[in-house]
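One structure is given here, and the rest of the page talks about it.
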Amino acid sequence: MTSDISLREKNKGVKANSSSPCKGEVGRGSGSSLYLSLGSNLGDREENLHRAIRLIGERVGKVERISSFIETEPWGFESKHPFLNAAILVRTTLSPIACLDATQQIERELGRQTKSSDGIYHDRPIDIDLLMYGDLRISTSRLTLPHPHMLERDFVMTPLREILSDAEG
């Protein structure tokens with residue numbers, strides 16, 4: 001089921017905070033295109049996504065595009081709580097690992113207590129996944145880009161396609 005909720009108007013003018021606490025800037029200028037997937041299935045899901053997007057804008061970079069929010073069933077586990085999912089495009093000068101650190105800190109601040117691992121998933125107030133960072137391809141113990149499972153997940157690809165098509169037009 002698709003929701004009509006859109007943050008485009010609410011988040012016009014969201015700016016990056018130049019005094020970001022994250023280390024690892026990769027250069028000046030326009031920065032790199034970072035695509036993120038966001039999801040929430042606990043608490044006020046819409047507000048959780050709004051708060052995460054605001055914090056990403058303050059700490060990671062300028063939020064340039066925000067998809068519509070879509071409601072989806074949990075993927076990879078059973079739950080009576082549906083997800084609200086979105087994708088965003090952020091212009092960042094932070095390194096991929098600094099972006100990962102910042103988004104994981106935001107998850108903790110918004111109430112996420114357990115991180116999914118080894119294919120075991122849980123209900124969560126917020127989930128933020130790095131999908132793509134420019135055309136970079138990396139695989140480390142902490143981070144793989146592009147995200148290795150994004151093509152299998154409609155809850156990721158539907159909002160991502162929306163902002164990718166916006167970027168092209």
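Naming scheme: A, B, ... for chains in displayed order of the structure tokens; residues 1 onward per chain; ligands 1 onward as shown.
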
Which residues are close to Ile56 of chain A, i.e. within 8 Å by only C-alpha atoms, leaving aside same-chain residues fewer than 4 positions away? Reply as an NGL selection string. :A and (16 or 52 or 60-61 or 63 or 102-103 or 106)

Residues of segment 49-138 of chain A classed as alpha helix (DSSP H) by DSSP on the backbone are to be reported as a list in words.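 Matching residues for alpha helix (DSSP H) in segment 49-138 of chain A are Leu49, His50, Arg51, Ala52, Ile53, Arg54, Leu55, Ile56, Gly57, Glu58, Arg59, Pro96, Ile97, Ala98, Cys99, Leu100, Asp101, Ala102, Thr103, Gln104, Gln105, Ile106, Glu107, Arg108 and Glu109 of chain A.
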
Among A:Pro159, A:Gly134, A:Gly57, A:Pro148, Gly39 of chain A is approached most closely, using only C-alpha atoms, by A:Pro159

Which residues, written as a list in words, have at least one atom at most 7 Å from Leu84 of chain A, with only C-alpha atoms counted and residues fewer than 6 positions away on the same chain left out?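 So the residues in contact are Gly39, Ser40, Asn41, Arg45, Phe69, Ile70, Glu71 and Thr72 of chain A.
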
Given only C-alpha atoms as the counted atoms, nearest of A:Gln113, A:Ser79, A:Ser30, A:Asn48 to Leu94 of chain A: A:Ser30

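Checking A:Gln105, A:Ser37, A:Ser139, A:Ser165 one by one against Ala87 of chain A, counting only C-alpha atoms, you find the shortest gap at A:Ser37.
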
Apply DSSP to the backbone of this structure and, from segment 24-169 of chain A, keep only the residues in strand (DSSP E); write these as a ChimeraX atom specification. /A:32-40,62-66,68-72,83-92,127-133,138-139,144-145

Just the selected residues (N, CA and C atoms), exported as a compact mmCIF listing (two decimals), in the first residue's frame, please.
# COMPACT_ATOMS: atom_id res chain seq x y z
N SER A 32 29.73 14.14 -2.85
CA SER A 32 29.32 12.90 -3.51
C SER A 32 27.84 12.64 -3.29
N SER A 33 27.24 11.93 -4.23
CA SER A 33 25.83 11.54 -4.12
C SER A 33 25.71 10.29 -3.27
N LEU A 34 25.01 10.40 -2.17
CA LEU A 34 24.78 9.28 -1.27
C LEU A 34 23.29 8.98 -1.27
N TYR A 35 22.93 7.75 -1.62
CA TYR A 35 21.54 7.32 -1.57
C TYR A 35 21.34 6.46 -0.34
N LEU A 36 20.30 6.80 0.43
CA LEU A 36 19.99 6.08 1.66
C LEU A 36 18.57 5.53 1.59
N SER A 37 18.36 4.39 2.24
CA SER A 37 17.04 3.82 2.44
C SER A 37 16.70 3.98 3.92
N LEU A 38 15.47 4.41 4.21
CA LEU A 38 15.03 4.57 5.58
C LEU A 38 13.75 3.78 5.80
N GLY A 39 13.62 3.20 6.98
CA GLY A 39 12.41 2.48 7.32
C GLY A 39 12.12 2.57 8.80
N SER A 40 10.83 2.46 9.15
CA SER A 40 10.41 2.49 10.54
C SER A 40 9.15 1.66 10.69
N LYS A 62 23.68 17.72 2.62
CA LYS A 62 22.46 18.36 2.16
C LYS A 62 21.51 17.32 1.58
N VAL A 63 20.29 17.26 2.12
CA VAL A 63 19.28 16.36 1.60
C VAL A 63 18.70 17.02 0.35
N GLU A 64 18.94 16.38 -0.80
CA GLU A 64 18.52 16.97 -2.08
C GLU A 64 17.20 16.40 -2.61
N ARG A 65 16.93 15.14 -2.32
CA ARG A 65 15.69 14.52 -2.80
C ARG A 65 15.16 13.58 -1.74
N ILE A 66 13.83 13.56 -1.63
CA ILE A 66 13.14 12.67 -0.69
C ILE A 66 12.00 12.01 -1.44
N SER A 68 8.47 9.66 -1.82
CA SER A 68 7.23 9.47 -1.07
C SER A 68 7.48 8.40 -0.03
N PHE A 69 6.67 8.38 1.01
CA PHE A 69 6.72 7.32 2.00
C PHE A 69 5.77 6.21 1.52
N ILE A 70 6.22 4.97 1.61
CA ILE A 70 5.38 3.84 1.25
C ILE A 70 5.26 2.89 2.43
N GLU A 71 4.10 2.30 2.59
CA GLU A 71 3.90 1.33 3.66
C GLU A 71 4.10 -0.06 3.09
N THR A 72 4.89 -0.86 3.78
CA THR A 72 5.22 -2.21 3.32
C THR A 72 5.17 -3.20 4.48
N PHE A 83 5.95 -1.48 7.94
CA PHE A 83 6.99 -0.46 7.82
C PHE A 83 6.49 0.73 7.02
N LEU A 84 7.07 1.87 7.30
CA LEU A 84 6.99 3.02 6.43
C LEU A 84 8.40 3.19 5.90
N ASN A 85 8.54 3.23 4.58
CA ASN A 85 9.86 3.28 3.95
C ASN A 85 9.99 4.49 3.03
N ALA A 86 11.22 4.94 2.86
CA ALA A 86 11.54 6.06 1.97
C ALA A 86 12.98 5.92 1.51
N ALA A 87 13.32 6.71 0.52
CA ALA A 87 14.71 6.83 0.06
C ALA A 87 15.04 8.30 -0.05
N ILE A 88 16.29 8.64 0.21
CA ILE A 88 16.73 10.03 0.08
C ILE A 88 18.07 10.09 -0.65
N LEU A 89 18.30 11.23 -1.28
CA LEU A 89 19.58 11.54 -1.89
C LEU A 89 20.21 12.65 -1.07
N VAL A 90 21.44 12.42 -0.65
CA VAL A 90 22.19 13.38 0.16
C VAL A 90 23.47 13.73 -0.57
N ARG A 91 23.82 15.01 -0.60
CA ARG A 91 25.10 15.46 -1.13
C ARG A 91 26.03 15.59 0.06
N THR A 92 27.11 14.80 0.09
CA THR A 92 27.98 14.76 1.26
C THR A 92 29.45 14.89 0.89
N ASP A 127 15.53 2.47 10.69
CA ASP A 127 16.58 1.71 10.02
C ASP A 127 17.08 2.59 8.89
N ILE A 128 18.38 2.79 8.82
CA ILE A 128 18.99 3.61 7.77
C ILE A 128 20.07 2.77 7.11
N ASP A 129 19.93 2.55 5.82
CA ASP A 129 20.93 1.78 5.07
C ASP A 129 21.55 2.63 3.98
N LEU A 130 22.88 2.57 3.86
CA LEU A 130 23.57 3.19 2.75
C LEU A 130 23.38 2.29 1.54
N LEU A 131 22.87 2.86 0.45
CA LEU A 131 22.61 2.09 -0.77
C LEU A 131 23.72 2.27 -1.79
N MET A 132 24.01 3.52 -2.11
CA MET A 132 25.03 3.83 -3.11
C MET A 132 25.74 5.11 -2.71
N TYR A 133 27.02 5.18 -3.03
CA TYR A 133 27.83 6.36 -2.78
C TYR A 133 28.54 6.67 -4.09
N ILE A 138 32.77 -0.77 -2.90
CA ILE A 138 33.66 -1.21 -1.84
C ILE A 138 33.05 -2.41 -1.13
N SER A 139 33.92 -3.19 -0.53
CA SER A 139 33.47 -4.31 0.28
C SER A 139 34.45 -4.47 1.43
N THR A 144 29.46 -2.60 2.56
CA THR A 144 29.52 -2.99 1.16
C THR A 144 28.64 -2.04 0.37
N LEU A 145 29.23 -1.45 -0.67
CA LEU A 145 28.51 -0.54 -1.56
C LEU A 145 28.80 -0.92 -3.01

Selected residue, from A:Arg51, A:His81, A:Arg137, A:Arg112, that lies nearest to Pro125 of chain A when counting only C-alpha atoms: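 Nearest candidate to Pro125 of chain A out of A:Arg51, A:His81, A:Arg137, A:Arg112: A:Arg112.
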
Have a look at A:Met157, A:Leu151, A:Cys99, A:Leu42 and name the one nearest to Arg59 of chain A; count only C-alpha atoms.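 Answer, going by the shortest atom-to-atom distance: A:Cys99.
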
Please, what distance in Å, to one decimal, runs between atom CA of Asp135 of chain A and atom CA of Glu162 of chain A? 18.7 Å

Find the residue from A:Asp123, A:Arg142, A:Ile53, A:Arg161 that sits nearest to Glu73 of chain A; use only C-alpha atoms when measuring. A:Asp123
